[in-house]
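Novice: Sharing a structure here in structure tokens format.
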Amino acid sequence: MSQEKFASLENILNNDLEQSSRGGGLTVKQIMEVSLHWLGTGVQYHVSDMHGILAATVHRSSMYI
């Protein structure tokens, strides 16, 4: 995904994700990155290692998207 498309998607989802995440410790950009990475690879533990977060956070983040 190009940076322009990512930024456009971030702008579209920004308000909804901020309200949904309730300050779960990740920014909207991080939620999108983690969710898209997990959807692209399907390997939750790899994604958690790559982003330095818990696997449960990966799972929870993907539920916002």
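Letters A, B, ... go to the chains of the structure tokens in the order shown; residues in each chain start at 1; ligands are counted from 1 in the same order.
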Which residues in chain A does DSSP call helix (DSSP H, G or I)? List them as a PyMOL selection string.
Specialist: chain A and resi 3-21+28-41+44-51+55-62
Novice: Quick one: residues within 9 Å of Glu10 in chain A, only C-alpha atoms counted, chain neighbours fewer than 5 positions away excluded, as a list in words?
Specialist: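 The neighbour list is Lys5, Val28, Lys29 and Met32 of chain A.
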Novice: Residues at most 12 Å from Ala56 in chain A, counting only C-alpha atoms, excluding those fewer than 4 positions away in the same chain, as a PDB file with C-alpha atoms, in the first residue's frame?
Specialist:
```
ATOM      1  CA  GLY A  24      -5.520   1.304  24.367  1.00  0.00           C
ATOM      2  CA  VAL A  34      -0.522  -3.838  13.103  1.00  0.00           C
ATOM      3  CA  GLN A  44      -0.082 -13.051  15.029  1.00  0.00           C
ATOM      4  CA  TYR A  45       3.094 -13.811  17.015  1.00  0.00           C
ATOM      5  CA  VAL A  47       3.492  -9.376  14.034  1.00  0.00           C
ATOM      6  CA  SER A  48       3.677  -8.895  17.806  1.00  0.00           C
ATOM      7  CA  ASP A  49       7.452  -9.436  17.727  1.00  0.00           C
ATOM      8  CA  GLY A  52       7.102  -4.944  19.975  1.00  0.00           C
ATOM      9  CA  ARG A  60      -7.509  -6.578  19.875  1.00  0.00           C
ATOM     10  CA  SER A  61      -6.226  -4.002  17.372  1.00  0.00           C
ATOM     11  CA  SER A  62      -7.518  -5.981  14.425  1.00  0.00           C
ATOM     12  CA  MET A  63     -11.005  -5.941  15.911  1.00  0.00           C
TER      13      MET A  63
END
```
Novice: Within 12 Å of Met50 in chain A, counting only C-alpha atoms, which residues qualify if same-chain residues fewer than 5 places away don't, as a ChimeraX atom specification?
Specialist: /A:33-34,37-38,41,43-45,55,58
Novice: Would you save the residues from that selection as an mmCIF file, in the first residue's frame, using N, CA and C atoms?
Specialist:
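Okay, part_32.cif is ready:
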```
data_model
loop_
_atom_site.group_PDB
_atom_site.id
_atom_site.type_symbol
_atom_site.label_atom_id
_atom_site.label_comp_id
_atom_site.auth_asym_id
_atom_site.auth_seq_id
_atom_site.Cartn_x
_atom_site.Cartn_y
_atom_site.Cartn_z
ATOM 1 N N GLU A 33 -1.325 -0.154 11.155
ATOM 2 C CA GLU A 33 -0.136 -0.896 10.736
ATOM 3 C C GLU A 33 -0.172 -2.334 11.241
ATOM 4 N N VAL A 34 -0.477 -2.504 12.508
ATOM 5 C CA VAL A 34 -0.522 -3.838 13.103
ATOM 6 C C VAL A 34 -1.617 -4.682 12.452
ATOM 7 N N HIS A 37 -0.695 -5.562 8.850
ATOM 8 C CA HIS A 37 0.411 -6.521 8.860
ATOM 9 C C HIS A 37 -0.106 -7.918 9.196
ATOM 10 N N TRP A 38 -0.960 -8.009 10.211
ATOM 11 C CA TRP A 38 -1.505 -9.310 10.600
ATOM 12 C C TRP A 38 -2.396 -9.885 9.498
ATOM 13 N N THR A 41 -0.123 -11.234 6.760
ATOM 14 C CA THR A 41 0.720 -12.401 7.036
ATOM 15 C C THR A 41 -0.051 -13.545 7.677
ATOM 16 N N VAL A 43 0.088 -14.259 10.743
ATOM 17 C CA VAL A 43 0.913 -14.817 11.809
ATOM 18 C C VAL A 43 0.966 -13.812 12.960
ATOM 19 N N GLN A 44 0.089 -13.997 13.934
ATOM 20 C CA GLN A 44 -0.082 -13.051 15.029
ATOM 21 C C GLN A 44 1.199 -12.851 15.837
ATOM 22 N N TYR A 45 1.916 -13.935 16.158
ATOM 23 C CA TYR A 45 3.094 -13.811 17.015
ATOM 24 C C TYR A 45 4.247 -13.130 16.292
ATOM 25 N N ALA A 55 0.815 -10.274 21.717
ATOM 26 C CA ALA A 55 -0.046 -10.906 20.714
ATOM 27 C C ALA A 55 -1.512 -10.550 20.960
ATOM 28 N N VAL A 58 -2.273 -7.336 19.319
ATOM 29 C CA VAL A 58 -2.444 -7.516 17.875
ATOM 30 C C VAL A 58 -3.875 -7.943 17.592
#
```
